[in-house]
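A.B. asks: First, the structure itself, so that you have it in front of you.
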Amino acid sequence: MAQLATCHLEEPSVTGRSGRFVRLLLLCAAALAANLADPVRSQARLPVEASVPTDLAVTVYRDPDRGPYEEMDRDWPKGFAMISETRTVTLPPGESTILFNGVAEGMVAVSAIVTGLPGGTIEKNRNADLLGPAALVDGTLGNRVTITRTNPGTGVERSESATVRTRADGGLVLETADGFEAVRCSGLPERLTFDAVPQGLSAQPVFSIETRDDTGGTYEVVLTYLSWGFDWQANYVATLKEGGARDGIDLQLLSWLTVLNDNSQLFANAELLAIAGTLNVESDYRTLADPPQARPLRLTCYPLGSSLAGSDEPRPRPPPPPPPAQMAAYSGEIIVTAMRREGADMAAPVMAEEEALGDLKLYRFPERVDINAKGLKQVAFLNRDEVGGRLLYSTSCEPWAAHDEARPAQMVFETLNDPAHGLDAAMPAGRIAFFEPSPYGDLLVGEESLRDYARGQEVEISLGHSAQVFAQCSRQGADMSEDDRNASVRIVVTNANPAAASVRLWLGAASEWRISGQRSEVRNGRRMIKLDVPANGSRMLEWNARQSLSD
């Protein structure tokens with residue numbers, strides 16, 4: 001039970017003091033009544049600092065506005081993460097303010113939820129002022145500091161006590177034993193020393209809530225919130241097996257999940273999860289997550305310098321302000337995590353595990369990792385030793401884009417995302433690099449972007465232009481005009497490979513062109529002809545195309 005306030009009154013010895021005695025009695029009665037009505041509320045609300053996180057989970061979402069073939073923006077990531085922190089807090093009886101130091105600077109405060117408190121949350125706030133020169137001065141207004149001046153001629157320092165009399169919003173005035181003086185106006189090098197950091201200031205972003213606990217106690221609470229400034233993408237490395245330069249090929253596929261953290265906070269020993277798929281986002285997290293800034297101290301000086309008696313020494317030109325502290329930048333290094341479970345193969349990387357999350361996919365890394373501040377983290381999430389497919393060539397021959405010169409065809413790797421082809425895994429969008437073994441080591445064949453592929457879908461990956469297969473597309477007869485929408489088209493495909501080449505010939509949009517003279521099919525809304533070109537040989541095809549668009 002809270003201790004009640006008591007009043008000790010002595011009976012006045014002089015009758016004229018009876019009025020004063022009555023007033024004291026009324027005041028004391030009011031204080032006792034307030035304590036009896038609510039003994040817990042009578043105690044002052046105390047700030048309580050929660051412990052550092054004892055458990056962390058970071059779930060990263062891709063930038064919802066980034067296209068399937070766009071790379072992450074390392075300088076300005078627009079994805080986000082859901083961060084869950086487990087902390088311990090000890091509350092006194094009554095109302096308290098709990099401080100969560102070191103939250104992500106990109107925190108979306110309106111999304112924060114705190115669970116585990118018996119009294120729930122009364123109010124929540126995100127501290128808007130970080131520890132900085134200006135905030136330090138403002139928090140010390142009316143209190144004493146130490147000012148130290150250095151004689152430029154002798155190098156001797158002299159310190160004295162002073163009281164801060166103004167805020168740091170243009171000029172800083174101190175009161176010393178000699179009177180009032182504007183800082184940096186004496187003509188001497190000087191510095192201020194503060195005895196302590198004012199209450200409420202922190203070098204790290206702080207989130208605070210207000211709660212009420214009638215009995216007090218120690219609790220384990222979980223703080224969950226969204227944070228701006230994250231992104232992730234998949235990176236694939238495909239290595240062709242020996243003898244891969246033929247129609248049927250096998251490859252080894254290793255995939256890495258690359259996580260980008262643009263916040264200045266380290267998430268140490270965290271459980272890492274990533275969400276793949278298109279997520280509907282309505283809120284503007286960038287606006288909601290504007291981080292607090294440490295205000296600089298910009299001091300101005302009166303034209304005549306100090307308001308004291310002055311100094312006989314000429315006033316030197318003030319030194320230039322120190323350069324602003326640089327933000328942590330990417331070092332160009334990528335931290336790769338491939339820890340080994342006990343008893344596992346030393347050469348095998350630890351793989352992320354795929355889970356279903358409604359229409360989305362969740363990748364959970366089985367080992368805890370450090371998500372470094374302003375850095376990249378890579379973890380393996382897919383490893384397939386035998387992915388079967390075939391090498392195709394792709395070219396186009398549309399009447400409006402016919403050309404007389406031979407042009408290289410595109411090399412395409414085609415497979416099916418199923419167990420029979422050795423894949424059977426959801427493939428998030430990202431970049432893929434193809435390598436082919438040679439006597440000089442693995443050589444880069446091509447690098448392309450990859451869209452999202454689900455299980456059971458046909459996978460096609462472009463490998464760049466071929467140096468062996470060329471196509472020459474030309475119109476026959478007069479050029480097409482608006483009145484004459486018919487054209488006779490010819491294509492000649494040559495193959496310099498020692499093996500036959502399978503070629504896909506794209507003729508244009510199915511809704512725009514009608515084809516006669518050759519059998520074609522419609523795929524993904526485009527007309528296509530399949531043909532095989534013999535080894536060290538060529539094929540010629542002709543057909544008629546009629547434009548079918550209405551006027």
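In the structure tokens, the first chain shown is A, the next is B, and so on; residue numbers restart at 1 for each chain, and ligands run from 1 in the order shown.
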Report the residues of segment 356-540 of chain A whose backbone DSSP state falls under strand (DSSP E), written as a PyMOL selection string.

C.D. replies: chain A and resi 356-357+360-364+369-371+375-396+407-416+430-436+443-450+458-476+486-495+501-509+513-516+521-523+526-533+537-540

A.B. asks: What is the atom CA of Ala57 of chain A to atom CA of Leu226 of chain A distance in Å?

C.D. replies: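 For atom CA of Ala57 of chain A relative to atom CA of Leu226 of chain A, the distance reads 11.8 Å.
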
A.B. asks: From the list A:Gly216, A:Ala487, A:Ser227, A:Asn143, which residue is nearest Ser111 of chain A when using only C-alpha atoms?

C.D. replies: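 Result for the nearest residue to Ser111 of chain A: A:Ser227.
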
A.B. asks: Between A:Leu254, A:Leu141, A:Ala356, A:Val412, which is the closest to Asp385 of chain A once you count only C-alpha atoms?

C.D. replies: A:Leu254

A.B. asks: State, in Å with one decimal place, the distance from atom CA of Gly79 of chain A to atom CA of Val237 of chain A.

C.D. replies: 24.1 Å

A.B. asks: Between A:Thr88, A:Asn383, A:Ser264, A:Gln410, which residue has the minimum interatomic distance to Ile371 of chain A, considering only C-alpha atoms?

C.D. replies: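 Checking each of A:Thr88, A:Asn383, A:Ser264, A:Gln410 against Ile371 of chain A, counting only C-alpha atoms, the winner is A:Ser264.
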
A.B. asks: Would you list the contacts of segment 63-71 of chain A as a ChimeraX atom specification, taking every protein, DNA or RNA residue within 10 Å and counting only C-alpha atoms, but skipping same-chain residues closer than 6 positions in sequence?

C.D. replies: /A:77-80,228-234,277-281,428-431,448-452

A.B. asks: Give me, as a list in words, all polymer residues having an atom no more than 9 Å from Arg74 of chain A, counting only C-alpha atoms and skipping those fewer than 2 positions away in the same chain.

C.D. replies: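 Counting only the stated atoms, we get Glu71, Met72, Trp76, Pro77, Asp231, Leu260, Asn261, Asp262, Tyr330 and Leu376 of chain A.
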
A.B. asks: Hey, can you spit out that residue selection with N, CA, C and O atoms as a CSV table (one decimal), in the first residue's frame?

C.D. replies:
chain,number,residue,atom,x,y,z
A,71,GLU,N,16.7,-3.3,-60.2
A,71,GLU,CA,17.6,-3.7,-59.1
A,71,GLU,C,17.3,-2.8,-57.9
A,71,GLU,O,16.7,-1.7,-58.0
A,72,MET,N,17.8,-3.2,-56.7
A,72,MET,CA,17.6,-2.4,-55.5
A,72,MET,C,18.4,-1.1,-55.7
A,72,MET,O,19.4,-1.1,-56.3
A,76,TRP,N,18.9,4.6,-51.8
A,76,TRP,CA,17.6,5.1,-51.4
A,76,TRP,C,16.6,3.9,-51.5
A,76,TRP,O,15.7,3.9,-52.3
A,77,PRO,N,16.8,2.9,-50.6
A,77,PRO,CA,15.8,1.7,-50.7
A,77,PRO,C,14.5,2.1,-50.2
A,77,PRO,O,14.3,2.9,-49.2
A,231,ASP,N,15.3,-3.4,-48.1
A,231,ASP,CA,14.9,-4.0,-49.4
A,231,ASP,C,15.6,-5.3,-49.5
A,231,ASP,O,16.6,-5.6,-48.8
A,260,LEU,N,19.2,-5.6,-47.8
A,260,LEU,CA,19.8,-4.2,-47.7
A,260,LEU,C,19.1,-3.5,-46.5
A,260,LEU,O,17.9,-3.4,-46.4
A,261,ASN,N,20.0,-3.0,-45.6
A,261,ASN,CA,19.6,-2.2,-44.4
A,261,ASN,C,20.2,-0.8,-44.5
A,261,ASN,O,21.4,-0.7,-44.4
A,262,ASP,N,19.3,0.2,-44.8
A,262,ASP,CA,19.8,1.5,-44.9
A,262,ASP,C,19.8,2.3,-43.6
A,262,ASP,O,20.1,3.5,-43.5
A,330,TYR,N,28.3,2.7,-47.7
A,330,TYR,CA,28.6,1.3,-48.1
A,330,TYR,C,30.0,1.2,-48.5
A,330,TYR,O,30.6,2.0,-49.2
A,376,LEU,N,24.9,-4.6,-46.6
A,376,LEU,CA,24.2,-5.7,-47.3
A,376,LEU,C,24.5,-7.0,-46.6
A,376,LEU,O,25.6,-7.2,-46.1

A.B. asks: For atom CA of Ile275 of chain A and atom CA of Phe435 of chain A, quote the distance in Å rounded to one decimal.

C.D. replies: 28.3 Å

A.B. asks: Ranking A:Ala467, A:Ala420, A:Cys473, A:Ile209 by minimum distance to Arg455 of chain A and counting only C-alpha atoms, which one comes first?

C.D. replies: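 Ranked by minimum distance to Arg455 of chain A, first place goes to A:Ala420.
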
A.B. asks: In terms of the shortest atom-to-atom distance over only C-alpha atoms, which of A:Lys374, A:Arg87, A:His421, A:Arg149 is closest to Asp250 of chain A?

C.D. replies: A:His421

A.B. asks: Between A:Arg144, A:Arg191, A:Arg519, A:Lys377, which one has atoms that come closest to Glu175 of chain A, using only C-alpha atoms?

C.D. replies: A:Arg144
